[in-house]
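Source file: start30.cif. Holds: mmCIF, C-alpha atoms.
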data_work
#
loop_
_atom_site.label_atom_id
_atom_site.label_comp_id
_atom_site.auth_asym_id
_atom_site.auth_seq_id
_atom_site.Cartn_x
_atom_site.Cartn_y
_atom_site.Cartn_z
CA MET A 8 23.33 -7.36 3.74
CA ALA A 9 22.28 -6.91 0.17
CA TYR A 10 20.45 -4.44 -2.04
CA LEU A 11 16.71 -4.29 -1.46
CA ASN A 12 14.52 -5.72 -4.16
CA VAL A 13 11.27 -3.93 -4.98
CA ILE A 14 9.13 -6.18 -2.80
CA GLU A 15 11.43 -5.61 0.14
CA ILE A 16 11.29 -1.84 -0.27
CA GLU A 17 7.50 -1.88 -0.04
CA SER A 18 7.54 -4.27 2.92
CA ALA A 19 10.18 -2.23 4.70
CA LEU A 20 8.09 0.93 4.43
CA ARG A 21 4.95 -0.92 5.54
CA ASN A 22 6.73 -2.38 8.57
CA LEU A 23 8.18 0.97 9.56
CA ALA A 24 4.70 2.46 9.43
CA ALA A 25 3.37 -0.38 11.57
CA ALA A 26 6.18 -0.10 14.11
CA TYR A 27 6.01 3.68 14.50
CA PRO A 28 2.35 4.60 13.96
CA ALA A 29 2.53 7.88 15.86
CA MET A 30 5.42 9.14 13.75
CA THR A 31 4.44 7.94 10.30
CA GLU A 32 1.75 7.73 7.70
CA LEU A 33 1.80 5.26 4.84
CA ILE A 34 0.52 7.04 1.75
CA VAL A 35 -0.74 5.03 -1.20
CA SER A 36 0.26 6.42 -4.58
CA PRO A 37 -2.76 6.73 -6.86
CA ASN A 38 -1.18 5.52 -10.10
CA VAL A 39 0.01 1.95 -10.58
CA SER A 40 2.99 1.31 -12.80
CA HIS A 41 2.76 -0.21 -16.27
CA GLU A 42 3.47 -3.61 -14.75
CA GLY A 43 0.87 -3.14 -12.02
CA ARG A 44 3.03 -2.12 -9.08
CA GLN A 45 1.77 0.39 -6.55
CA VAL A 46 4.30 2.27 -4.50
CA HIS A 47 3.81 3.69 -1.03
CA ILE A 48 5.24 6.86 0.36
CA LEU A 49 6.22 7.00 4.00
CA ARG A 50 5.55 10.30 5.73
CA VAL A 51 7.94 10.65 8.65
CA GLY A 52 7.24 13.23 11.33
CA THR A 53 5.17 13.68 14.45
CA LYS A 54 3.06 16.59 13.23
CA SER A 55 0.21 16.58 10.75
CA ASN A 56 0.52 17.68 7.15
CA ALA A 57 -1.17 20.95 7.91
CA GLU A 58 1.04 21.85 10.86
CA VAL A 59 4.56 21.76 9.47
CA ASP A 60 6.44 22.05 6.19
CA GLY A 61 7.53 19.08 4.20
CA VAL A 62 10.49 17.71 2.29
CA LEU A 63 9.78 15.37 -0.61
CA ILE A 64 12.60 12.88 -1.11
CA LEU A 65 12.67 10.68 -4.20
CA GLY A 66 14.76 7.60 -4.91
CA GLY A 67 14.85 5.07 -7.70
CA VAL A 68 13.65 7.34 -10.48
CA HIS A 69 16.36 5.77 -12.62
CA ALA A 70 16.26 2.01 -12.48
CA ARG A 71 19.97 1.25 -12.60
CA GLU A 72 20.82 3.54 -9.71
CA TRP A 73 20.43 1.02 -6.96
CA VAL A 74 21.74 2.87 -3.91
CA PRO A 75 19.21 5.71 -3.45
CA PRO A 76 16.15 3.58 -2.54
CA ASP A 77 18.17 1.68 0.05
CA ALA A 78 19.49 4.98 1.37
CA LEU A 79 16.00 6.40 1.84
CA VAL A 80 14.71 3.32 3.67
CA SER A 81 17.77 3.47 5.91
CA LEU A 82 17.27 7.17 6.60
CA ALA A 83 13.62 6.72 7.52
CA ALA A 84 14.46 3.82 9.82
CA ASP A 85 17.26 5.81 11.46
CA LEU A 86 15.14 8.87 12.16
CA LEU A 87 12.28 6.84 13.60
CA GLU A 88 14.45 4.71 15.86
CA ALA A 89 16.59 7.60 17.03
CA TYR A 90 13.56 9.70 17.86
CA LYS A 91 11.84 6.87 19.69
CA PHE A 92 14.86 6.21 21.89
CA SER A 93 16.01 9.85 22.11
CA THR A 94 19.41 9.23 20.61
CA GLY A 95 21.49 11.08 18.09
CA LEU A 96 22.74 9.64 14.82
CA GLY A 97 26.29 9.16 13.59
CA TYR A 98 27.46 8.62 10.03
CA GLY A 99 31.21 8.22 9.82
CA ASN A 100 32.60 11.41 11.32
CA LYS A 101 29.35 13.32 11.03
CA ARG A 102 27.16 13.39 14.13
CA PHE A 103 23.69 14.68 14.80
CA SER A 104 22.49 15.18 18.35
CA ALA A 105 19.29 13.82 19.81
CA ASN A 106 18.06 17.41 19.78
CA ASP A 107 18.75 17.62 16.03
CA ILE A 108 16.68 14.50 15.44
CA ARG A 109 13.90 15.78 17.66
CA GLN A 110 13.88 19.06 15.78
CA ILE A 111 13.45 17.28 12.45
CA MET A 112 10.79 14.91 13.69
CA GLU A 113 8.77 17.64 15.38
CA THR A 114 9.11 20.45 12.85
CA TRP A 115 9.15 18.67 9.51
CA ASN A 116 7.38 16.04 7.51
CA LEU A 117 9.62 13.95 5.32
CA PHE A 118 7.77 12.37 2.42
CA VAL A 119 9.95 9.40 1.55
CA CYS A 120 9.20 7.98 -1.89
CA ALA A 121 11.95 5.40 -1.80
CA CYS A 122 11.40 3.81 -5.19
CA VAL A 123 9.56 5.89 -7.74
CA ASN A 124 10.18 3.43 -10.59
CA PRO A 125 9.80 -0.14 -9.25
CA ASP A 126 9.26 -1.75 -12.67
CA GLY A 127 12.56 -0.39 -13.90
CA ARG A 128 14.42 -1.38 -10.73
CA HIS A 129 13.09 -4.91 -10.94
CA TYR A 130 14.17 -5.17 -14.56
CA SER A 131 17.61 -3.77 -13.77
CA GLN A 132 18.10 -6.09 -10.81
CA THR A 133 16.95 -9.23 -12.62
CA ASN A 134 17.69 -8.66 -16.29
CA ASP A 135 19.53 -5.71 -17.80
CA PRO A 136 21.60 -4.07 -15.04
CA LEU A 137 22.09 -0.80 -16.93
CA TRP A 138 18.39 -0.26 -17.60
CA ARG A 139 17.46 3.33 -16.75
CA LYS A 140 13.86 4.01 -17.82
CA ASN A 141 10.49 2.72 -16.67
CA ARG A 142 8.85 -0.20 -18.50
CA ARG A 143 6.23 1.53 -20.61
CA PRO A 144 5.37 -0.84 -23.46
CA HIS A 145 6.29 0.18 -26.96
CA PRO A 146 3.37 2.05 -28.60
CA SER A 147 3.01 -0.52 -31.39
CA SER A 148 4.13 -3.68 -29.62
CA GLY A 149 7.72 -3.19 -30.75
CA ASN A 150 10.87 -3.78 -28.80
CA CYS A 151 11.46 -0.20 -27.70
CA VAL A 152 10.34 -0.06 -24.11
CA GLY A 153 10.37 2.61 -21.48
CA VAL A 154 10.35 6.33 -20.75
CA ASP A 155 12.98 8.27 -18.85
CA ILE A 156 10.94 9.52 -15.89
CA ASN A 157 13.41 12.32 -15.37
CA ARG A 158 12.67 13.72 -18.82
CA ASN A 159 8.91 13.32 -18.51
CA PHE A 160 8.04 16.16 -16.10
CA ASP A 161 6.27 19.22 -17.42
CA PHE A 162 9.21 21.55 -17.49
CA LEU A 163 10.32 22.58 -20.98
CA TRP A 164 9.31 19.03 -21.89
CA ASP A 165 9.16 19.67 -25.63
CA HIS A 166 12.90 20.00 -26.00
CA LEU A 167 12.72 20.22 -29.79
CA THR A 168 10.77 23.46 -29.55
CA LYS A 169 12.05 24.93 -26.34
CA PHE A 170 15.81 24.60 -26.79
CA ALA A 171 18.29 25.70 -29.40
CA SER A 172 18.92 22.95 -31.91
CA ASP A 173 22.63 23.07 -31.12
CA SER A 174 22.19 23.15 -27.35
CA GLY A 175 22.75 19.42 -27.03
CA VAL A 176 19.79 19.13 -24.68
CA SER A 177 19.74 15.72 -23.07
CA ALA A 178 16.37 14.34 -24.14
CA SER A 179 14.93 12.37 -27.02
CA GLU A 180 11.59 12.10 -28.80
CA ASP A 181 12.54 8.64 -30.06
CA PRO A 182 10.88 5.78 -28.13
CA CYS A 183 13.84 3.63 -29.09
CA ASP A 184 16.33 5.89 -27.37
CA ARG A 185 17.77 3.66 -24.70
CA ASN A 186 18.21 6.33 -22.06
CA VAL A 187 16.46 9.66 -22.42
CA TYR A 188 13.15 9.10 -24.24
CA ARG A 189 10.88 11.83 -22.88
CA GLY A 190 7.59 9.96 -23.36
CA PRO A 191 4.65 10.68 -25.65
CA LEU A 192 3.35 13.59 -23.56
CA PRO A 193 4.48 15.53 -20.52
CA THR A 194 3.57 13.69 -17.32
CA SER A 195 2.42 10.71 -19.36
CA GLU A 196 3.91 8.17 -16.97
CA PRO A 197 2.31 6.83 -13.80
CA GLU A 198 5.56 7.32 -11.92
CA THR A 199 5.70 10.97 -12.93
CA LYS A 200 2.04 11.44 -12.05
CA ASN A 201 2.66 10.10 -8.57
CA VAL A 202 5.33 12.71 -7.89
CA VAL A 203 3.13 15.50 -9.24
CA TRP A 204 0.26 14.19 -7.13
CA LEU A 205 2.38 14.41 -3.99
CA LEU A 206 3.29 18.01 -4.71
CA ASP A 207 -0.35 18.83 -5.41
CA MET A 208 -1.76 16.98 -2.42
CA TYR A 209 0.71 18.26 0.13
CA PRO A 210 1.13 21.98 -0.48
CA ARG A 211 3.33 22.39 2.54
CA ILE A 212 6.10 20.52 0.75
CA ARG A 213 8.69 23.22 0.27
CA TRP A 214 11.78 21.21 -0.52
CA HIS A 215 12.34 18.50 -3.08
CA VAL A 216 15.38 16.24 -3.26
CA ASP A 217 15.72 13.67 -6.02
CA VAL A 218 18.47 11.24 -5.08
CA HIS A 219 20.30 9.74 -8.04
CA SER A 220 23.73 8.30 -8.75
CA ALA A 221 26.47 8.78 -9.70
CA VAL A 222 29.04 11.55 -10.32
CA PRO A 223 29.04 12.51 -7.36
CA VAL A 224 27.64 16.03 -7.03
CA ILE A 225 24.81 18.00 -5.41
CA LEU A 226 22.81 19.97 -7.96
CA HIS A 227 20.50 22.94 -7.57
CA SER A 228 18.28 24.86 -9.99
CA TRP A 229 18.25 25.39 -12.91
CA GLY A 230 19.10 22.62 -15.33
CA SER A 231 17.78 24.36 -18.44
CA ASP A 232 20.36 27.09 -18.93
CA GLN A 233 22.95 29.00 -16.96
CA ASN A 234 21.43 30.99 -14.12
CA GLN A 235 21.15 34.76 -14.30
CA THR A 236 19.60 37.21 -11.83
CA ILE A 237 19.23 40.29 -14.04
CA GLU A 238 16.62 39.66 -16.73
CA PRO A 239 13.28 38.44 -15.34
CA ILE A 240 11.83 38.05 -18.82
CA GLN A 241 14.25 35.25 -19.60
CA THR A 242 12.30 32.38 -18.10
CA PHE A 243 11.09 28.98 -19.17
CA LEU A 244 7.60 30.51 -19.44
CA ASN A 245 8.56 32.97 -22.16
CA SER A 246 8.09 31.45 -25.60
CA THR A 247 10.04 34.33 -27.15
CA PHE A 248 13.14 32.37 -26.20
CA ASP A 249 12.01 29.07 -27.64
CA GLY A 250 14.69 27.79 -29.95
CA ILE A 251 17.27 29.97 -28.23
CA ARG A 252 17.67 28.61 -24.72
CA GLY A 253 20.18 26.04 -23.62
CA ARG A 254 23.41 27.25 -25.19
CA PRO A 255 26.21 27.64 -22.67
CA ASN A 256 28.13 30.89 -22.36
CA ASP A 257 25.91 32.95 -24.60
CA ALA A 258 24.28 36.30 -23.87
CA ALA A 259 20.98 35.46 -25.57
CA TYR A 260 19.38 33.59 -22.72
CA GLY A 261 19.95 32.58 -19.14
CA GLU A 262 17.35 31.04 -16.83
CA TYR A 263 16.17 33.68 -14.41
CA ILE A 264 16.43 33.10 -10.70
CA THR A 265 16.15 35.75 -8.04
CA GLN A 266 19.22 36.58 -6.02
CA ASP A 267 17.39 35.47 -2.89
CA ASP A 268 16.48 32.10 -4.31
CA LEU A 269 19.95 31.60 -5.69
CA HIS A 270 21.41 32.36 -2.29
CA ILE A 271 19.12 29.84 -0.65
CA VAL A 272 19.84 26.97 -3.02
CA GLU A 273 23.57 27.64 -3.10
CA THR A 274 23.75 27.87 0.68
CA LEU A 275 21.73 24.73 1.27
CA GLY A 276 23.64 22.85 -1.40
CA ASN A 277 26.94 23.77 0.21
CA ARG A 278 25.71 22.86 3.68
CA MET A 279 24.60 19.45 2.45
CA ASN A 280 27.97 18.97 0.83
CA ASP A 281 29.77 19.89 4.04
CA ALA A 282 27.84 17.17 5.85
CA VAL A 283 28.46 14.60 3.14
CA LYS A 284 32.16 15.40 3.19
CA ALA A 285 32.32 15.04 6.95
CA VAL A 286 31.26 11.39 6.72
CA ARG A 287 34.47 10.09 5.14
CA GLY A 288 36.03 12.98 3.27
CA VAL A 289 34.40 12.64 -0.16
CA ASP A 290 33.77 16.09 -1.62
CA TYR A 291 30.67 15.90 -3.83
CA GLY A 292 30.64 19.61 -4.53
CA ALA A 293 27.49 21.65 -5.02
CA GLU A 294 26.72 23.35 -8.30
CA GLN A 295 24.04 24.34 -10.74
CA ALA A 296 22.30 21.50 -12.56
CA PHE A 297 23.16 22.95 -15.97
CA GLY A 298 26.32 21.08 -16.77
CA LEU A 299 27.82 20.42 -20.17
CA TYR A 300 24.39 20.84 -21.67
CA PRO A 301 20.81 21.39 -20.53
CA THR A 302 18.17 18.94 -19.41
CA SER A 303 14.44 19.15 -19.87
CA GLY A 304 11.62 17.49 -17.99
CA ALA A 305 13.61 16.81 -14.81
CA SER A 306 11.90 16.50 -11.44
CA ASP A 307 13.98 19.09 -9.59
CA ASP A 308 13.35 21.80 -12.18
CA TYR A 309 9.69 20.88 -12.36
CA ALA A 310 9.29 21.17 -8.59
CA PHE A 311 10.91 24.61 -8.54
CA SER A 312 9.06 25.79 -11.65
CA ARG A 313 5.56 25.13 -10.35
CA HIS A 314 5.36 28.33 -8.38
CA PHE A 315 6.45 30.42 -11.35
CA ALA A 316 3.96 28.77 -13.68
CA ASP A 317 1.18 29.16 -11.10
CA PRO A 318 1.84 31.62 -8.26
CA ALA A 319 -0.91 29.97 -6.22
CA LYS A 320 1.33 26.97 -5.80
CA THR A 321 3.93 26.67 -3.10
CA LYS A 322 7.47 27.53 -3.98
CA VAL A 323 9.47 24.31 -3.77
CA TYR A 324 13.25 24.42 -3.84
CA GLY A 325 14.58 21.54 -5.89
CA PHE A 326 17.83 19.61 -5.55
CA THR A 327 19.33 16.49 -7.02
CA ILE A 328 21.92 14.53 -5.11
CA GLU A 329 24.04 12.40 -7.42
CA CYS A 330 25.56 10.06 -4.88
CA GLY A 331 28.58 7.81 -5.03
CA HIS A 332 30.82 6.94 -7.92
CA SER A 333 28.94 4.16 -9.70
CA PHE A 334 25.43 2.90 -10.29
CA GLN A 335 25.94 -0.41 -8.54
CA PRO A 336 28.87 -0.37 -6.16
CA THR A 337 29.68 -3.33 -3.96
CA TRP A 338 27.31 -3.48 -1.05
CA SER A 339 30.04 -2.45 1.37
CA GLU A 340 30.68 0.69 -0.68
CA ALA A 341 26.94 1.25 -1.02
CA GLU A 342 26.73 1.39 2.77
CA GLU A 343 29.25 4.23 2.80
CA VAL A 344 27.27 6.09 0.16
CA ILE A 345 24.08 5.57 2.16
CA ARG A 346 25.77 7.23 5.13
CA GLU A 347 26.74 10.18 2.94
CA VAL A 348 23.23 10.59 1.57
CA SER A 349 21.74 10.32 5.07
CA ALA A 350 24.05 13.00 6.43
CA GLY A 351 23.25 15.30 3.52
CA LEU A 352 19.49 14.94 3.83
CA ILE A 353 19.41 15.37 7.61
CA THR A 354 21.50 18.51 7.18
CA LEU A 355 19.09 19.86 4.60
CA CYS A 356 16.25 19.57 7.09
CA LEU A 357 18.25 21.20 9.87
CA GLU A 358 19.61 24.00 7.76
CA ALA A 359 16.31 24.69 6.06
CA SER A 360 14.80 25.03 9.53
CA ALA A 361 17.57 27.25 10.76
CA SER A 362 17.92 29.51 7.75
CA ALA A 363 14.39 29.71 6.50
CA GLY A 364 12.30 27.69 8.90
CA SER A 365 8.66 27.21 8.24
CA SER A 366 8.19 30.84 7.38
CA ILE A 367 9.76 30.99 3.95
CA PRO A 368 7.37 33.22 2.09
CA ALA A 369 5.68 31.74 -0.94
CA SER A 370 6.92 34.83 -2.73
CA VAL A 371 10.17 36.52 -1.83
CA PRO A 372 10.71 40.26 -2.15
CA GLY A 373 11.81 41.40 -5.53
CA GLU A 374 9.74 38.97 -7.56
CA MET B 1 26.87 7.29 -32.13
CA LYS B 2 24.91 7.65 -28.90
CA SER B 3 26.63 7.48 -25.55
CA SER B 4 25.11 7.90 -22.14
CA LEU B 5 26.65 10.42 -19.81
CA GLY B 6 24.77 9.07 -16.81
CA CYS B 7 22.13 11.09 -15.04
CA ARG B 8 23.39 14.55 -15.79
CA ALA B 9 26.38 15.58 -17.87
CA ILE B 10 28.39 17.07 -15.02
CA PRO B 11 32.14 17.09 -15.65
CA ARG B 12 34.47 17.01 -12.64
CA GLN B 13 37.90 18.56 -12.35
CA ARG B 14 40.58 16.02 -11.54
CA ASP B 15 44.33 16.59 -11.67
CA GLY B 16 43.88 19.74 -13.72
CA LYS B 17 41.66 18.01 -16.27
CA PHE B 18 37.95 17.86 -16.82
CA VAL B 19 36.67 14.31 -16.53
CA ILE B 20 33.27 12.88 -17.37
CA ASP B 21 32.00 9.31 -17.26
CA ALA B 22 30.40 8.00 -20.44
CA TYR B 23 28.70 4.67 -21.03
CA LEU B 24 29.18 3.11 -24.45
CA PRO B 25 28.35 -0.27 -25.93
CA GLU B 26 31.54 -2.24 -26.52
CA THR B 27 30.83 -2.21 -30.22
CA GLN B 28 31.13 1.57 -30.27
CA LEU B 29 34.40 1.96 -28.40
CA GLN B 30 36.57 2.03 -31.51
CA ALA B 31 34.25 4.55 -33.13
CA ALA B 32 34.58 6.71 -30.03
CA ARG B 33 38.36 6.55 -30.24
CA ASP B 34 38.36 7.38 -33.95
CA GLY B 35 35.76 10.08 -33.57
CA ARG B 36 37.67 12.23 -31.13
CA THR B 37 38.21 15.59 -32.74
CA ALA B 38 40.03 17.45 -30.00
CA ARG B 39 43.66 16.48 -29.64
CA ARG B 40 43.63 16.99 -25.91
CA VAL B 41 40.65 14.76 -25.26
CA SER B 42 41.61 11.35 -24.00
CA LEU B 43 39.42 8.30 -23.58
CA ARG B 44 40.16 5.76 -20.87
CA ILE B 45 38.21 2.58 -20.38
CA ILE B 46 37.34 2.17 -16.72
CA GLU B 47 35.22 -0.94 -16.52
CA ASN B 48 32.65 -3.13 -18.17
CA ALA B 49 29.65 -1.73 -16.34
CA THR B 50 27.24 -4.36 -17.69
CA GLU B 51 29.47 -7.17 -16.49
CA ILE B 52 29.82 -5.55 -13.08
CA GLY B 53 26.07 -5.04 -12.94
CA ARG B 54 25.51 -8.72 -13.60
CA GLU B 55 27.84 -9.52 -10.72
CA ARG B 56 25.98 -7.08 -8.50
CA GLN B 57 22.69 -8.76 -9.31
CA LYS B 58 23.96 -11.51 -7.03
CA GLU B 59 23.96 -8.92 -4.23
CA VAL B 60 20.24 -8.22 -4.53
CA GLY B 61 17.99 -9.59 -1.83
CA GLU B 62 16.14 -12.78 -2.61
CA GLY B 63 12.64 -13.29 -1.29
CA ASN B 64 11.55 -10.74 1.27
CA ARG B 65 13.54 -9.96 4.39
CA PHE B 66 10.61 -7.96 5.71
CA ALA B 67 7.80 -10.35 4.93
CA ALA B 68 6.93 -10.62 8.60
CA ARG B 69 5.40 -7.48 10.08
CA GLY B 70 7.78 -7.68 13.00
CA GLN B 71 10.86 -7.41 10.81
CA ILE B 72 11.63 -3.74 11.27
CA PRO B 73 14.34 -2.27 9.03
CA ARG B 74 17.23 -0.62 10.80
CA GLY B 75 19.25 2.18 9.27
CA LEU B 76 23.01 2.40 9.01
CA GLY B 77 23.37 5.34 11.37
CA ARG B 78 24.96 4.84 14.76
CA LYS B 79 22.44 5.51 17.50
CA GLU B 80 24.49 7.44 20.02
#
Show how you would write the structure in this file as structure tokens.
Amino acid sequence: MAYLNVIEIESALRNLAAAYPAMTELIVSPNVSHEGRQVHILRVGTKSNAEVDGVLILGGVHAREWVPPDALVSLAADLLEAYKFSTGLGYGNKRFSANDIRQIMETWNLFVCACVNPDGRHYSQTNDPLWRKNRRPHPSSGNCVGVDINRNFDFLWDHLTKFASDSGVSASEDPCDRNVYRGPLPTSEPETKNVVWLLDMYPRIRWHVDVHSAVPVILHSWGSDQNQTIEPIQTFLNSTFDGIRGRPNDAAYGEYITQDDLHIVETLGNRMNDAVKAVRGVDYGAEQAFGLYPTSGASDDYAFSRHFADPAKTKVYGFTIECGHSFQPTWSEAEEVIREVSAGLITLCLEASASAGSSIPASVPGE
Amino acid sequence: MKSSLGCRAIPRQRDGKFVIDAYLPETQLQAARDGRTARRVSLRIIENATEIGRERQKEVGEGNRFAARGQIPRGLGRKE
């Protein structure tokens, strides 16, 4: 076997949809990439969009991270085949029963966007292997190409205004920044727009997992500052804290999250990690996305923030799985990482069903 | 000097130390060594990631394994 190229990813999703028409829907993304590529999203599940809740799973946001798109195609293929033949699934030492698979397929919709950034992946796989961004042309025909999709979402996007100047926030306004250029405007990129469109179009999506590599680690909200559950006024929406947020270990600002929400994301993160670890013993760990310094414009924070910015929108819990130990492991190692990712994502669906089910209120008590 | 700390700057604890992967152009390695201000910070070169990436490019599919509609992808999970 070998890593999937971008044409193969699209064909794989198309063929899965054709082979399992009663369990899938092939969704066409509305925005083509700068190089003219159109990605498809495979909805996996036996119920309609209106009947059951959804999980949005992203791969390939960062071009050089080659394993996640392959992992998502593998996961979709596994679920469909196992459901069709009423089998369970095994990944290393982690096993899921046929009943587990049936539960997922009949009570969830998985929206599998295997390769969000096909232009970047193609460039990484054929030219510069460490390319991370998309392939947005330089604004004045210069050599500086690309936007970091995971800095382009409309969550504290203007890092120069929103964060303390000494916070070390991981974003750049410079189009020539090789890795973390945020783009000219929030949601300026077709790849970003496609993700936003999915969240808008399918309001029963309640969970969002952006699969990246590598650290490894499983991350939950927030990435903008250290979490706190005491001061509701300290939120990304409050401009009073512009220029203050993002410093670690200070008392001036912490990103507010309710105790209930924190419990949910910590619990689900730990459950996913337990499943990942069961595969072959690798302990990813689960922790808050705020690490050494903050991030702005990331997909997981954006997904979770939508409900707070507009209470009419569904609350979507956001996670990032940073899988494996390198961007481009040998294929044999990539297969092991794919098993870990698969086990983690299946567990998320099962545990979300069990702990919160389809009845998670759009607004939890105390908000 | 600009280094990349990967997706997110998440340090991991290993053998009682905090460890983080950083990606630097070769031309900046010496500057990184000279620029360390904390005595207890050590810098260890792990690999040439670009070189490895070029090797891995040989492990990318050529053509289209799923060009035919009947070529159905199979996942890596054991069906049991």
Which polymer residues have any atom within 9 Å of an atom of Asp161 in chain A, counting all atoms listed in the file, with same-chain residues fewer than 5 positions away left out, as a ChimeraX atom specification? /A:192-194,303-306,309
Chain A residues near chain B (7 Å cut-off, only C-alpha atoms) as a PyMOL selection string: chain A and resi 9-12+14-15+18-19+22-23+81-82+84-85+89+94-98+132-133+136-137+298-300+335+337+346
C-alpha atoms of the current selection, written as a PDB file, in the frame of the given file:
ATOM      1  CA  ALA A   9      22.280  -6.910   0.170  1.00  0.00           C
ATOM      2  CA  TYR A  10      20.450  -4.440  -2.040  1.00  0.00           C
ATOM      3  CA  LEU A  11      16.710  -4.290  -1.460  1.00  0.00           C
ATOM      4  CA  ASN A  12      14.520  -5.720  -4.160  1.00  0.00           C
ATOM      5  CA  ILE A  14       9.130  -6.180  -2.800  1.00  0.00           C
ATOM      6  CA  GLU A  15      11.430  -5.610   0.140  1.00  0.00           C
ATOM      7  CA  SER A  18       7.540  -4.270   2.920  1.00  0.00           C
ATOM      8  CA  ALA A  19      10.180  -2.230   4.700  1.00  0.00           C
ATOM      9  CA  ASN A  22       6.730  -2.380   8.570  1.00  0.00           C
ATOM     10  CA  LEU A  23       8.180   0.970   9.560  1.00  0.00           C
ATOM     11  CA  SER A  81      17.770   3.470   5.910  1.00  0.00           C
ATOM     12  CA  LEU A  82      17.270   7.170   6.600  1.00  0.00           C
ATOM     13  CA  ALA A  84      14.460   3.820   9.820  1.00  0.00           C
ATOM     14  CA  ASP A  85      17.260   5.810  11.460  1.00  0.00           C
ATOM     15  CA  ALA A  89      16.590   7.600  17.030  1.00  0.00           C
ATOM     16  CA  THR A  94      19.410   9.230  20.610  1.00  0.00           C
ATOM     17  CA  GLY A  95      21.490  11.080  18.090  1.00  0.00           C
ATOM     18  CA  LEU A  96      22.740   9.640  14.820  1.00  0.00           C
ATOM     19  CA  GLY A  97      26.290   9.160  13.590  1.00  0.00           C
ATOM     20  CA  TYR A  98      27.460   8.620  10.030  1.00  0.00           C
ATOM     21  CA  GLN A 132      18.100  -6.090 -10.810  1.00  0.00           C
ATOM     22  CA  THR A 133      16.950  -9.230 -12.620  1.00  0.00           C
ATOM     23  CA  PRO A 136      21.600  -4.070 -15.040  1.00  0.00           C
ATOM     24  CA  LEU A 137      22.090  -0.800 -16.930  1.00  0.00           C
ATOM     25  CA  GLY A 298      26.320  21.080 -16.770  1.00  0.00           C
ATOM     26  CA  LEU A 299      27.820  20.420 -20.170  1.00  0.00           C
ATOM     27  CA  TYR A 300      24.390  20.840 -21.670  1.00  0.00           C
ATOM     28  CA  GLN A 335      25.940  -0.410  -8.540  1.00  0.00           C
ATOM     29  CA  THR A 337      29.680  -3.330  -3.960  1.00  0.00           C
ATOM     30  CA  ARG A 346      25.770   7.230   5.130  1.00  0.00           C
TER      31      ARG A 346
END
Give me the residues within 9 Å of Gly276 in chain A as a list of chain:residue names, counting only C-alpha atoms and dropping any in the same chain fewer than 6 places off.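 Here the answer would be A:Ile225, A:Leu226, A:His227, A:Gly292, A:Ala293, A:Glu294, A:Phe326, A:Leu355.
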Report, as AutoDock Vina command-line options, the centre and edge lengths in Å (one decimal) of the axis-aligned box enclosing every listed atom of range 170-180 of chain A, padded by 6 Å on each side.
--center_x 17.2 --center_y 18.9 --center_z -27.5 --size_x 23.2 --size_y 25.6 --size_z 20.8
Quick check on the file I pasted: which residues fall under the PyMOL selection byres ((chain A and resi 73-79) around 6)? Write them as a ChimeraX atom specification. /A:66-67,71-72,80-82,121-122,218,335,345
Check what the PyMOL selection byres ((chain A and resi 41-45) around 10) selects in the file above and give those residues as number ranges by chain. A: 13-14, 17, 35-40, 46-47, 123-127, 141-144, 153, 196-198, 201
Select, from A:Ala341, A:Leu87, A:Cys330, A:Val224, the residue with the minimum atom-to-atom distance to Glu113 in chain A, counting only C-alpha atoms.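 Under the stated criterion, the closest residue is A:Leu87.
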Interatomic distance, CA of Glu180 in chain A to CA of Ala31 in chain B (Å, one decimal):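 A separation of 24.3 Å between them.
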Go through A:His270, A:Glu347, A:Thr302, A:Glu358 one by one, measure the shortest atom-to-atom distance of each to Ile111 in chain A using only C-alpha atoms, and give the residue with the smallest value. A:Glu358
Any idea what the distance is between CA of Gln295 in chain A and CA of Trp115 in chain A? 25.8 Å
Excluding range 251-264 of chain A and its own-chain neighbours fewer than 3 positions away, which residues fall within 12 Å of it when counting only C-alpha atoms? Please give them as a ChimeraX atom specification. /A:163,166-177,227-248,267-273,295-303,308,311-312,315,324,371,373-374
Figure out the distance between CA of Ser220 in chain A and CA of Val119 in chain A, please, to one decimal in Å.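 If I compute the distance from CA of Val119 in chain A to CA of Ser220 in chain A, I get 17.2 Å.
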Let me know the residues the PyMOL selection byres ((chain A and resi 322) around 12) catches in the file above, as an MDAnalysis selection string. chainID A and resid 60:61 206:207 210:215 268 308:321 323:325 366:371
Kindly indicate which residue among A:Phe103, A:Phe92, A:Phe334, A:Trp204 lies nearest to His69 in chain A, using only C-alpha atoms for the distances.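 Of the candidates, the smallest distance to His69 in chain A is held by A:Phe334.
Nearest to Tyr209 in chain A of all the residues A:Val187, A:Val348, A:Leu63, A:Ile353 is A:Leu63, counting only C-alpha atoms.
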